[in-house]
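Note: the block below is query-v6.txt and it holds compact mmCIF, C-alpha atoms.
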# COMPACT_ATOMS: atom_id res chain seq x y z
CA MET A 1 -1.17 -2.66 76.02
CA SER A 2 -2.34 -0.65 73.04
CA GLU A 3 -5.95 -0.80 72.07
CA ASP A 4 -6.84 -2.59 68.86
CA LEU A 5 -7.81 -0.10 66.18
CA GLU A 6 -10.79 -0.83 64.03
CA HIS A 7 -9.80 -1.61 60.42
CA PHE A 8 -12.03 -0.24 57.72
CA VAL A 9 -12.09 -1.84 54.25
CA SER A 10 -13.82 -0.01 51.43
CA SER A 11 -16.23 -2.13 49.44
CA ALA A 12 -16.08 0.20 46.41
CA PRO A 13 -14.27 -1.10 43.31
CA PHE A 14 -10.69 0.07 42.87
CA ASP A 15 -10.38 3.05 40.56
CA PRO A 16 -6.76 3.91 39.70
CA VAL A 17 -7.76 7.28 38.28
CA SER A 18 -9.17 8.35 41.65
CA VAL A 19 -5.83 7.50 43.26
CA GLU A 20 -3.77 9.47 40.84
CA GLN A 21 -5.39 11.89 38.50
CA LEU A 22 -3.65 11.71 35.09
CA THR A 23 -3.55 14.54 32.61
CA PRO A 24 -4.62 13.71 29.03
CA GLU A 25 -0.97 13.96 27.94
CA GLN A 26 0.17 11.53 30.64
CA GLU A 27 -2.64 9.10 29.88
CA LYS A 28 -1.79 9.21 26.19
CA TYR A 29 1.83 8.44 27.00
CA TYR A 30 1.17 5.65 29.51
CA LEU A 31 -1.31 3.88 27.21
CA ALA A 32 0.78 4.24 24.04
CA SER A 33 1.99 1.19 22.17
CA GLN A 34 5.64 0.60 21.43
CA TRP A 35 5.18 1.63 17.78
CA GLN A 36 3.55 4.90 18.84
CA MET A 37 6.42 5.68 21.18
CA MET A 38 8.89 4.86 18.40
CA TRP A 39 7.11 7.30 16.11
CA TRP A 40 7.17 10.08 18.73
CA ARG A 41 10.85 9.49 19.37
CA PHE A 42 11.61 9.36 15.65
CA LYS A 43 9.83 12.68 14.97
CA GLY A 44 12.22 14.33 17.40
CA HIS A 45 15.17 13.28 15.22
CA ARG A 46 14.88 16.07 12.64
CA LEU A 47 17.79 14.90 10.50
CA ALA A 48 16.29 11.41 10.23
CA VAL A 49 12.88 12.84 9.30
CA PHE A 50 14.46 15.00 6.60
CA ALA A 51 16.39 11.99 5.29
CA GLY A 52 13.18 9.97 5.24
CA ILE A 53 11.43 12.65 3.18
CA ILE A 54 14.30 12.65 0.68
CA LEU A 55 14.12 8.87 0.34
CA ILE A 56 10.34 8.86 -0.06
CA LEU A 57 10.54 11.49 -2.81
CA SER A 58 13.39 9.62 -4.49
CA TYR A 59 11.50 6.35 -4.58
CA LEU A 60 8.31 8.06 -5.73
CA SER A 61 10.26 9.68 -8.58
CA ILE A 62 11.19 6.32 -10.09
CA ILE A 63 7.50 5.69 -10.78
CA ILE A 64 7.30 8.73 -13.08
CA SER A 65 10.87 8.96 -14.37
CA GLU A 66 9.66 9.46 -17.95
CA LEU A 67 7.61 12.50 -16.92
CA ILE A 68 10.36 14.12 -14.83
CA ALA A 69 13.20 13.71 -17.34
CA PRO A 70 13.32 16.50 -19.95
CA TYR A 71 14.50 14.04 -22.63
CA ALA A 72 13.90 10.39 -23.44
CA LEU A 73 16.52 7.92 -22.23
CA HIS A 74 18.27 7.35 -25.57
CA THR A 75 17.80 10.76 -27.20
CA ARG A 76 21.07 11.90 -28.77
CA HIS A 77 22.23 15.36 -29.77
CA THR A 78 25.16 14.84 -32.13
CA ASP A 79 25.79 18.59 -32.34
CA HIS A 80 26.24 18.82 -28.57
CA ILE A 81 28.72 16.09 -27.65
CA TYR A 82 30.33 16.76 -24.24
CA ALA A 83 28.29 19.95 -23.92
CA PRO A 84 28.74 21.70 -20.55
CA PRO A 85 25.80 22.35 -18.19
CA GLN A 86 23.55 25.21 -19.23
CA ALA A 87 22.79 27.79 -16.57
CA ILE A 88 19.20 28.91 -15.91
CA HIS A 89 18.61 32.66 -16.25
CA PHE A 90 15.63 34.88 -15.46
CA MET A 91 16.71 38.33 -16.69
CA HIS A 92 17.63 39.18 -20.30
CA GLU A 93 18.99 42.63 -21.09
CA GLY A 94 17.45 44.01 -17.93
CA ASP A 95 13.99 42.55 -18.52
CA PHE A 96 12.39 39.68 -16.63
CA VAL A 97 11.78 36.88 -19.12
CA GLY A 98 11.24 33.92 -16.80
CA PRO A 99 13.35 30.77 -16.61
CA PHE A 100 15.36 30.35 -19.80
CA VAL A 101 18.73 29.18 -21.09
CA TYR A 102 21.03 30.55 -23.73
CA PRO A 103 21.76 28.28 -26.71
CA LEU A 104 25.25 26.86 -27.06
CA ASN A 105 27.60 27.44 -29.98
CA TYR A 106 30.74 25.38 -30.33
CA THR A 107 34.00 25.48 -32.20
CA LEU A 108 36.54 22.70 -32.57
CA ASN A 109 39.96 23.66 -31.20
CA MET A 110 42.37 22.20 -33.76
CA ASP A 111 45.26 22.33 -31.30
CA THR A 112 43.60 20.31 -28.53
CA LEU A 113 40.80 18.72 -30.62
CA LYS A 114 38.41 19.78 -27.88
CA ARG A 115 34.94 21.16 -28.48
CA GLU A 116 34.74 24.63 -26.98
CA TYR A 117 31.23 25.85 -26.23
CA SER A 118 30.05 29.42 -25.70
CA GLU A 119 26.64 30.92 -24.89
CA ASN A 120 24.75 32.84 -27.54
CA THR A 121 23.37 35.58 -25.30
CA SER A 122 21.30 37.16 -28.06
CA GLU A 123 18.71 34.37 -28.30
CA PRO A 124 17.16 33.30 -24.96
CA ARG A 125 15.35 29.96 -25.11
CA PRO A 126 12.50 29.76 -22.57
CA ILE A 127 11.99 26.59 -20.55
CA ARG A 128 8.56 25.02 -21.05
CA PHE A 129 6.53 23.38 -18.30
CA LEU A 130 3.80 20.72 -18.50
CA CYS A 131 4.55 20.29 -22.16
CA SER A 132 4.86 17.80 -25.00
CA GLY A 133 8.41 16.68 -25.68
CA ASP A 134 10.35 13.55 -26.60
CA PRO A 135 8.08 10.52 -27.13
CA TYR A 136 8.56 7.53 -24.84
CA GLU A 137 6.91 4.33 -23.66
CA PHE A 138 5.64 4.75 -20.12
CA TRP A 139 6.87 1.63 -18.29
CA GLY A 140 6.72 -0.09 -21.68
CA LEU A 141 2.91 0.00 -21.55
CA PHE A 142 1.81 2.85 -23.80
CA ASP A 143 3.25 5.69 -25.86
CA ALA A 144 3.28 9.21 -24.44
CA SER A 145 5.15 12.50 -24.80
CA PHE A 146 4.12 14.51 -21.71
CA HIS A 147 6.93 16.00 -19.59
CA PHE A 148 6.94 18.27 -16.59
CA VAL A 149 9.85 20.25 -18.06
CA CYS A 150 10.83 20.58 -21.72
CA PRO A 151 13.38 22.60 -23.69
CA ASP A 152 12.30 25.19 -26.19
CA LYS A 153 11.31 23.63 -29.51
CA LYS A 154 14.33 25.24 -31.16
CA GLY A 155 16.66 25.00 -28.20
CA THR A 156 18.26 22.59 -25.76
CA LEU A 157 18.13 22.06 -22.01
CA PHE A 158 21.27 20.41 -20.62
CA LEU A 159 21.23 21.32 -16.92
CA MET A 160 23.96 18.74 -16.18
CA GLY A 161 25.68 18.63 -19.56
CA THR A 162 25.89 15.78 -22.06
CA ASP A 163 28.04 12.67 -22.46
CA ARG A 164 30.21 11.39 -25.31
CA LEU A 165 27.14 10.54 -27.40
CA GLY A 166 25.33 13.82 -26.78
CA ARG A 167 22.81 12.35 -24.32
CA ASP A 168 21.43 14.56 -21.55
CA MET A 169 23.09 13.61 -18.23
CA LEU A 170 20.15 14.80 -16.08
CA SER A 171 17.66 12.62 -17.95
CA ARG A 172 19.93 9.58 -17.74
CA LEU A 173 20.48 10.28 -14.04
CA ILE A 174 16.72 10.25 -13.43
CA TYR A 175 16.28 7.02 -15.38
CA GLY A 176 19.29 5.46 -13.63
CA ALA A 177 17.66 5.99 -10.23
CA ARG A 178 15.02 3.42 -11.19
CA ILE A 179 17.67 0.70 -11.32
CA SER A 180 20.09 1.80 -8.60
CA LEU A 181 17.41 2.39 -5.95
CA THR A 182 15.49 -0.83 -6.58
CA VAL A 183 18.68 -2.92 -6.42
CA GLY A 184 18.92 -2.14 -2.72
CA LEU A 185 15.28 -2.96 -2.01
CA ILE A 186 15.31 -6.31 -3.80
CA GLY A 187 18.68 -7.22 -2.31
CA ILE A 188 17.62 -6.39 1.24
CA THR A 189 14.46 -8.47 0.79
CA ILE A 190 16.55 -11.52 -0.06
CA SER A 191 19.00 -10.76 2.74
CA PHE A 192 16.16 -10.20 5.23
CA ILE A 193 14.52 -13.54 4.47
CA LEU A 194 17.79 -15.47 4.70
CA GLY A 195 19.05 -13.62 7.77
CA ILE A 196 15.84 -14.06 9.79
CA THR A 197 15.38 -17.70 8.76
CA ILE A 198 18.95 -18.89 9.29
CA GLY A 199 19.65 -16.67 12.29
CA GLY A 200 16.32 -17.63 13.86
CA MET A 201 17.08 -21.34 13.55
CA ALA A 202 20.55 -20.89 15.02
CA GLY A 203 19.33 -18.80 17.95
CA TYR A 204 16.29 -20.90 18.81
CA PHE A 205 17.63 -24.44 18.43
CA GLY A 206 21.27 -23.80 19.42
CA GLY A 207 23.57 -26.81 19.62
CA TRP A 208 24.95 -28.19 16.37
CA VAL A 209 22.59 -26.01 14.33
CA ASP A 210 24.04 -22.87 15.90
CA SER A 211 27.62 -24.13 15.52
CA SER A 212 27.11 -24.97 11.83
CA VAL A 213 25.56 -21.61 11.04
CA GLN A 214 28.31 -19.74 12.88
CA ARG A 215 31.03 -21.56 10.93
CA VAL A 216 29.36 -20.70 7.63
CA ILE A 217 29.03 -17.05 8.67
CA GLU A 218 32.68 -16.89 9.74
CA ILE A 219 33.79 -18.29 6.38
CA LEU A 220 31.70 -15.76 4.46
CA LYS A 221 32.88 -12.89 6.66
CA SER A 222 36.52 -13.84 6.14
CA LEU A 223 36.27 -13.45 2.35
CA PRO A 224 37.15 -10.02 0.90
CA GLU A 225 33.84 -8.49 -0.05
CA LEU A 226 34.62 -6.57 -3.25
CA PRO A 227 36.76 -9.31 -4.90
CA LEU A 228 34.03 -11.84 -4.08
CA TRP A 229 31.40 -9.60 -5.66
CA MET A 230 33.60 -9.19 -8.71
CA ALA A 231 34.21 -12.92 -9.06
CA LEU A 232 30.53 -13.83 -8.81
CA SER A 233 29.47 -11.03 -11.15
CA ALA A 234 32.07 -12.04 -13.71
CA ALA A 235 30.65 -15.59 -13.56
CA LEU A 236 27.32 -14.40 -14.96
CA PRO A 237 26.97 -15.45 -18.62
CA ALA A 238 27.79 -12.64 -21.02
CA ASN A 239 24.90 -13.60 -23.31
CA TRP A 240 22.27 -12.97 -20.63
CA SER A 241 19.73 -10.24 -21.28
CA PRO A 242 20.06 -6.97 -19.32
CA LEU A 243 17.08 -7.99 -17.18
CA LEU A 244 18.71 -11.30 -16.19
CA ILE A 245 21.98 -9.51 -15.43
CA TYR A 246 20.05 -7.09 -13.20
CA LEU A 247 18.34 -9.93 -11.35
CA GLY A 248 21.63 -11.79 -11.02
CA ILE A 249 23.39 -8.78 -9.48
CA THR A 250 20.58 -8.21 -6.96
CA ILE A 251 20.57 -11.89 -5.94
CA ILE A 252 24.35 -11.85 -5.47
CA LEU A 253 24.18 -8.73 -3.29
CA GLY A 254 21.39 -10.27 -1.22
CA LEU A 255 23.15 -13.61 -0.80
CA LEU A 256 26.32 -11.97 0.50
CA ASP A 257 24.67 -9.53 2.93
CA TRP A 258 22.67 -11.89 5.18
CA PRO A 259 25.43 -13.02 7.66
CA GLY A 260 25.42 -9.77 9.65
CA LEU A 261 21.66 -9.80 10.04
CA ALA A 262 21.67 -13.52 10.90
CA ARG A 263 24.10 -12.89 13.76
CA ALA A 264 21.93 -10.10 15.16
CA VAL A 265 18.83 -12.33 15.04
CA ARG A 266 20.71 -15.26 16.57
CA SER A 267 22.03 -13.24 19.52
CA LYS A 268 18.56 -11.83 20.28
CA LEU A 269 16.83 -15.20 20.12
CA LEU A 270 19.40 -16.81 22.40
CA ALA A 271 18.33 -14.36 25.09
CA LEU A 272 14.60 -14.25 24.37
CA ARG A 273 14.00 -17.99 24.02
CA GLU A 274 14.39 -18.42 27.82
CA GLU A 275 11.85 -15.74 28.68
CA ASP A 276 8.73 -16.85 30.53
CA TYR A 277 6.34 -16.20 27.66
CA ALA A 278 8.50 -18.24 25.26
CA VAL A 279 8.74 -21.14 27.73
CA ALA A 280 4.98 -20.99 28.33
CA ALA A 281 4.27 -21.09 24.59
CA ARG A 282 6.59 -24.07 24.23
CA LEU A 283 4.91 -25.94 27.11
CA MET A 284 1.51 -25.29 25.54
CA GLY A 285 2.62 -27.13 22.43
CA SER A 286 3.40 -24.25 20.06
CA THR A 287 5.66 -25.12 17.15
CA PRO A 288 9.10 -23.48 16.87
CA LYS A 289 7.91 -21.64 13.75
CA HIS A 290 4.98 -20.16 15.69
CA ILE A 291 7.08 -19.23 18.72
CA ILE A 292 9.76 -17.53 16.62
CA GLY A 293 7.36 -15.70 14.32
CA ARG A 294 4.64 -14.82 16.84
CA HIS A 295 6.49 -14.24 20.10
CA LEU A 296 10.22 -13.71 19.55
CA LEU A 297 10.73 -11.74 16.34
CA PRO A 298 8.14 -9.02 17.14
CA ASN A 299 10.10 -8.16 20.29
CA PHE A 300 13.01 -6.79 18.29
CA MET A 301 11.45 -6.14 14.88
CA SER A 302 12.18 -2.43 15.30
CA HIS A 303 15.90 -3.22 15.55
CA LEU A 304 15.66 -5.35 12.41
CA ILE A 305 14.04 -2.48 10.51
CA ALA A 306 16.85 -0.16 11.58
CA SER A 307 19.44 -2.76 10.50
CA ALA A 308 17.74 -3.10 7.12
CA THR A 309 17.90 0.65 6.44
CA LEU A 310 21.62 0.57 7.20
CA SER A 311 22.18 -2.39 4.83
CA VAL A 312 20.52 -0.85 1.76
CA PRO A 313 23.32 1.73 1.20
CA SER A 314 25.96 -1.00 1.08
CA MET A 315 24.02 -2.73 -1.68
CA ILE A 316 23.63 0.48 -3.67
CA LEU A 317 27.37 1.09 -3.33
CA GLY A 318 28.04 -2.53 -4.31
CA GLU A 319 26.04 -2.21 -7.53
CA THR A 320 27.67 1.14 -8.29
CA ALA A 321 31.18 -0.27 -7.75
CA LEU A 322 30.55 -3.37 -9.88
CA SER A 323 28.99 -1.38 -12.72
CA PHE A 324 31.80 1.18 -12.54
CA LEU A 325 34.35 -1.64 -12.95
CA GLY A 326 32.39 -3.09 -15.86
CA LEU A 327 31.44 -6.27 -13.98
CA GLY A 328 27.90 -5.33 -13.00
CA LEU A 329 25.10 -3.90 -15.07
CA ARG A 330 25.93 -3.04 -18.65
CA PRO A 331 24.32 -0.87 -21.34
CA PRO A 332 21.58 -0.61 -22.52
CA ILE A 333 20.58 -0.78 -18.82
CA THR A 334 21.16 2.61 -17.21
CA SER A 335 22.18 2.93 -13.57
CA TRP A 336 24.32 5.36 -11.64
CA GLY A 337 27.21 2.89 -11.74
CA VAL A 338 26.88 2.54 -15.51
CA LEU A 339 26.93 6.32 -15.88
CA LEU A 340 30.03 6.57 -13.71
CA SER A 341 31.80 3.95 -15.84
CA GLU A 342 32.10 6.61 -18.55
CA ALA A 343 34.23 8.65 -16.14
CA GLN A 344 36.96 6.02 -15.83
CA ASN A 345 39.20 7.94 -18.21
CA ILE A 346 41.03 10.56 -16.15
CA GLU A 347 41.44 12.71 -19.26
CA SER A 348 37.68 12.83 -19.75
CA VAL A 349 37.16 13.76 -16.11
CA ALA A 350 39.72 16.56 -16.35
CA LEU A 351 38.16 17.97 -19.51
CA TYR A 352 34.50 17.21 -18.76
CA PRO A 353 34.04 17.18 -14.96
CA TRP A 354 30.24 16.99 -15.25
CA LEU A 355 30.64 13.29 -16.08
CA MET A 356 31.14 12.79 -12.33
CA VAL A 357 27.64 14.15 -11.59
CA PRO A 358 26.17 10.63 -11.00
CA MET A 359 28.35 10.46 -7.90
CA LEU A 360 26.20 13.11 -6.18
CA PRO A 361 22.92 11.13 -5.94
CA VAL A 362 24.87 8.10 -4.70
CA VAL A 363 26.33 10.20 -1.87
CA ILE A 364 22.97 11.81 -1.05
CA ILE A 365 21.02 8.52 -0.98
CA VAL A 366 23.67 6.70 1.07
CA LEU A 367 23.80 9.52 3.63
CA ALA A 368 19.99 9.66 3.75
CA PHE A 369 19.78 5.94 4.49
CA ASN A 370 22.44 6.23 7.19
CA PHE A 371 20.69 9.17 8.88
CA LEU A 372 17.34 7.36 8.65
CA GLY A 373 18.89 4.23 10.13
CA ASP A 374 20.38 6.22 13.01
CA GLY A 375 17.01 7.78 13.74
CA LEU A 376 15.21 4.43 13.67
CA ARG A 377 17.87 2.86 15.86
CA ASP A 378 17.53 5.63 18.45
CA ALA A 379 13.74 5.36 18.34
CA ALA A 380 13.72 1.56 18.57
CA ASP A 381 13.89 1.68 22.34
CA PRO A 382 11.45 4.38 23.50
CA TYR A 383 12.16 3.57 27.16
CA ASP A 384 15.86 4.36 26.80
Would it be possible to restate this file's structure as structure tokens?
Amino acid sequence: MSEDLEHFVSSAPFDPVSVEQLTPEQEKYYLASQWQMMWWRFKGHRLAVFAGIILILSYLSIIISELIAPYALHTRHTDHIYAPPQAIHFMHEGDFVGPFVYPLNYTLNMDTLKREYSENTSEPRPIRFLCSGDPYEFWGLFDASFHFVCPDKKGTLFLMGTDRLGRDMLSRLIYGARISLTVGLIGITISFILGITIGGMAGYFGGWVDSSVQRVIEILKSLPELPLWMALSAALPANWSPLLIYLGITIILGLLDWPGLARAVRSKLLALREEDYAVAARLMGSTPKHIIGRHLLPNFMSHLIASATLSVPSMILGETALSFLGLGLRPPITSWGVLLSEAQNIESVALYPWLMVPMLPVVIIVLAFNFLGDGLRDAADPYD
């Protein structure tokens, strides 16, 4: 028979650090919140970070479009219709002059009736910086004429050419970003509110509420997207002001984008509503609105943010497509889709390919949103 061993119990309070000594890096990691871990994971996705920087700079630029653009929005140069892009030079006849462009001379080809431009290499026109140029109304609030970049007082500066009315394409591209980029933000706000509200109700209550919402979503998903956009856009009154047309287009894009988000919210809530903390909140008398908003949605808000960043490009492309087809925004409003509508004539594109320049920012912004969405989606689950 074995002897009973005396059992010693320490009366000192339990100290987990004395059991396992943690390095500062480990302690920082173990005590980090979910948002901190998402940020660390996101920083490791270099392409997503670069895309985020591009988007931040793009959206900041729309605040000061008047200062960035070398010309005012409606400035016309009747002597430079369909002028090609002017190249920037630094050396003139072997001497460093600084950034400048050569003026353009044109002749009318009587056989093809095409304006043919050539550089006058004897008269360099320096580019001015932080200068006074075309007057404008800053956000319609006050008159100003300050620009970051200006052409020479006796020259021109068409870095992306001009259109059929002699308007600078670069300036109109910068002004068009103000409309095209904000369409996606306003549209996703509407879609976000509808998707979370309707999807949250379907996922939390279930039953006939869920069945009704699912049938509505299936009907909307079965409709061809572009023809539906076209039909609703064409239904907007032609006598509406450009501002009302803009608001109408953004509302239409938001109303047609919520089903996908609603399904994601519904599927998450169906699983989370049976968790212990949700049941406990319900037994304690919390209202469905409080349970959904305080306990359920925060558990997958990171996924919703990633979904939102992936939805914005579709809205930008939707506005661009509608405006290109003449069913969206119309002049005098300037957007990338409106600018591309001038390139519908294949003859114009063949003769003046710079009219397709507005396609480049659309591609860059859509890719940036997709890369950013991929990075956020990967970072949404730091424990993965």
Could the residues of range 43-106 of chain A that have an atom at most 7 Å from range 155-166 of chain A be listed as a Markdown table, each with its closest atom pair and the distance in Å to one decimal, counting all atoms listed in the file and ordered by chain and ascending residue number?
| residue | atom | partner | partner_atom | distance |
| --- | --- | --- | --- | --- |
| A:Arg76 | CA | A:Gly166 | CA | 5.1 |
| A:His77 | CA | A:Gly166 | CA | 4.6 |
| A:Thr78 | CA | A:Gly166 | CA | 5.4 |
| A:His80 | CA | A:Gly166 | CA | 5.4 |
| A:Ile81 | CA | A:Gly166 | CA | 4.2 |
| A:Tyr82 | CA | A:Asp163 | CA | 5.0 |
| A:Ala83 | CA | A:Thr162 | CA | 5.2 |
| A:Pro84 | CA | A:Gly161 | CA | 4.4 |
| A:Pro85 | CA | A:Gly161 | CA | 4.0 |
| A:Gln86 | CA | A:Leu159 | CA | 5.1 |
| A:Ala87 | CA | A:Leu159 | CA | 6.7 |
| A:Pro103 | CA | A:Gly155 | CA | 6.2 |
Output file for the residues above (C-alpha atoms, as a PDB file, in the frame of the given file):
ATOM      1  CA  ARG A  76      21.070  11.900 -28.770  1.00  0.00           C
ATOM      2  CA  HIS A  77      22.230  15.360 -29.770  1.00  0.00           C
ATOM      3  CA  THR A  78      25.160  14.840 -32.130  1.00  0.00           C
ATOM      4  CA  HIS A  80      26.240  18.820 -28.570  1.00  0.00           C
ATOM      5  CA  ILE A  81      28.720  16.090 -27.650  1.00  0.00           C
ATOM      6  CA  TYR A  82      30.330  16.760 -24.240  1.00  0.00           C
ATOM      7  CA  ALA A  83      28.290  19.950 -23.920  1.00  0.00           C
ATOM      8  CA  PRO A  84      28.740  21.700 -20.550  1.00  0.00           C
ATOM      9  CA  PRO A  85      25.800  22.350 -18.190  1.00  0.00           C
ATOM     10  CA  GLN A  86      23.550  25.210 -19.230  1.00  0.00           C
ATOM     11  CA  ALA A  87      22.790  27.790 -16.570  1.00  0.00           C
ATOM     12  CA  PRO A 103      21.760  28.280 -26.710  1.00  0.00           C
TER      13      PRO A 103
END
Worksheet entry | Two-atom distance - CA of Phe129 in chain A, CA of Cys150 in chain A (Å) |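 About the pair CA of Phe129 in chain A and CA of Cys150 in chain A: they are 6.2 Å apart.
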Worksheet item: Could you work out how far CA of Val366 in chain A lies from CA of Leu67 in chain A, giving the answer in Å with one decimal?
Response: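 About the pair CA of Leu67 in chain A and CA of Val366 in chain A: they are 24.8 Å apart.
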Considering only C-alpha atoms, return as a PDB file with C-alpha atoms, in the coordinates of the input whatever protein or nucleic-acid residues lie within 8 Å of Gly203 in chain A, sequence-local ones (same chain, fewer than 6 positions apart) excluded.
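Saved result, selection11.pdb, follows:
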ATOM      1  CA  ASP A 210      24.040 -22.870  15.900  1.00  0.00           C
ATOM      2  CA  VAL A 265      18.830 -12.330  15.040  1.00  0.00           C
ATOM      3  CA  ARG A 266      20.710 -15.260  16.570  1.00  0.00           C
ATOM      4  CA  SER A 267      22.030 -13.240  19.520  1.00  0.00           C
ATOM      5  CA  LYS A 268      18.560 -11.830  20.280  1.00  0.00           C
ATOM      6  CA  LEU A 269      16.830 -15.200  20.120  1.00  0.00           C
ATOM      7  CA  LEU A 270      19.400 -16.810  22.400  1.00  0.00           C
TER       8      LEU A 270
END
Practice prompt. Measuring atom to atom with all atoms listed in the file, identify which of A:Asp79, A:Pro259, A:Asp152, A:Ser61 is nearest to Tyr102 in chain A.
Written response: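 Using all atoms listed in the file, Tyr102 in chain A sits closest to A:Asp152.
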Discussion item. What's around Ile292 in chain A at 12 Å? Count only C-alpha atoms, leave out sequence neighbours fewer than 2 positions away in its own chain, and write the answer as a PyMOL selection string.
Written reply: chain A and resi 196-205+265-266+268-270+272-273+277-279+281-282+286-290+294-301
Please identify every residue of range 39-81 of chain A that has at least one atom no farther than 9 Å from an atom of range 180-193 of chain A, counting all atoms listed in the file, and for each give the shortest atom pair and the distance in Å to one decimal, arranged by chain then increasing number, as a tab-separated table.
residue	atom	partner	partner_atom	distance
A:Ser58	CA	A:Leu181	CA	8.4
A:Tyr59	CA	A:Leu181	CA	7.2
A:Ile62	CA	A:Leu181	CA	8.4
Worksheet item: From the list A:Asp168, A:Asp257, A:Glu342, A:Glu275, which residue is nearest Ser311 in chain A when using all atoms listed in the file?
Response: A:Asp257
Response to the item:
Judged by all atoms listed in the file, the minimum distance to Leu73 in chain A among A:Val349, A:Ile174, A:Ala280, A:Ile365 is found for A:Ile174
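Residues lying within 12 Å of Ile68 in chain A, counting only C-alpha atoms and ignoring same-chain neighbours fewer than 5 positions away, are Ser58, Leu60, Ser61, Ile62, Ile63, Leu73, Phe129, Leu130, Cys131, Gly133, Asp134, Phe138, Ser145, Phe146, His147, Phe148, Val149, Cys150, Leu170, Ser171, Arg172, Leu173, Ile174, Tyr175 and Ala177 of chain A.
What separates CA of Thr320 in chain A from CA of Trp336 in chain A is a distance of 6.3 Å.
Take the candidates A:Phe90, A:Trp35, A:Tyr136, A:Phe96 and check each one against His74 in chain A using all atoms listed in the file; the shortest distance goes to A:Tyr136.
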Could you give me, as a compact mmCIF listing (two decimals) with C-alpha atoms, in the coordinates of the input, the residues that have an atom at most 12 Å away from the point (38.6, 0.2, -10.1) in the coordinates of the file, using all atoms listed in the file?
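For reference, selection.txt as written:
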# COMPACT_ATOMS: atom_id res chain seq x y z
CA LEU A 226 34.62 -6.57 -3.25
CA PRO A 227 36.76 -9.31 -4.90
CA MET A 230 33.60 -9.19 -8.71
CA THR A 320 27.67 1.14 -8.29
CA ALA A 321 31.18 -0.27 -7.75
CA LEU A 322 30.55 -3.37 -9.88
CA SER A 323 28.99 -1.38 -12.72
CA PHE A 324 31.80 1.18 -12.54
CA LEU A 325 34.35 -1.64 -12.95
CA GLY A 326 32.39 -3.09 -15.86
CA LEU A 327 31.44 -6.27 -13.98
CA GLY A 337 27.21 2.89 -11.74
CA LEU A 340 30.03 6.57 -13.71
CA SER A 341 31.80 3.95 -15.84
CA ALA A 343 34.23 8.65 -16.14
CA GLN A 344 36.96 6.02 -15.83
CA ASN A 345 39.20 7.94 -18.21
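The nearest approach to Ile88 in chain A among the residues A:Glu319, A:Tyr71, A:Glu116, A:Pro124, with all atoms listed in the file taken into account, belongs to A:Pro124.
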Discussion item. If we count only C-alpha atoms and set the cut-off at 10 Å, which residues sit around Leu236 in chain A, ignoring sequence neighbours fewer than 2 positions away in its own chain? Please answer as a PyMOL selection string.
Written reply: chain A and resi 231-234+238-240+244-245+248-249+327-328
Worksheet entry | A:Leu283, A:Ile305, A:Gly375, A:Gly195 ranked by distance to Gly254 in chain A, top pick (using all atoms listed in the file) |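 Among the listed residues, the smallest separation from Gly254 in chain A belongs to A:Gly195.
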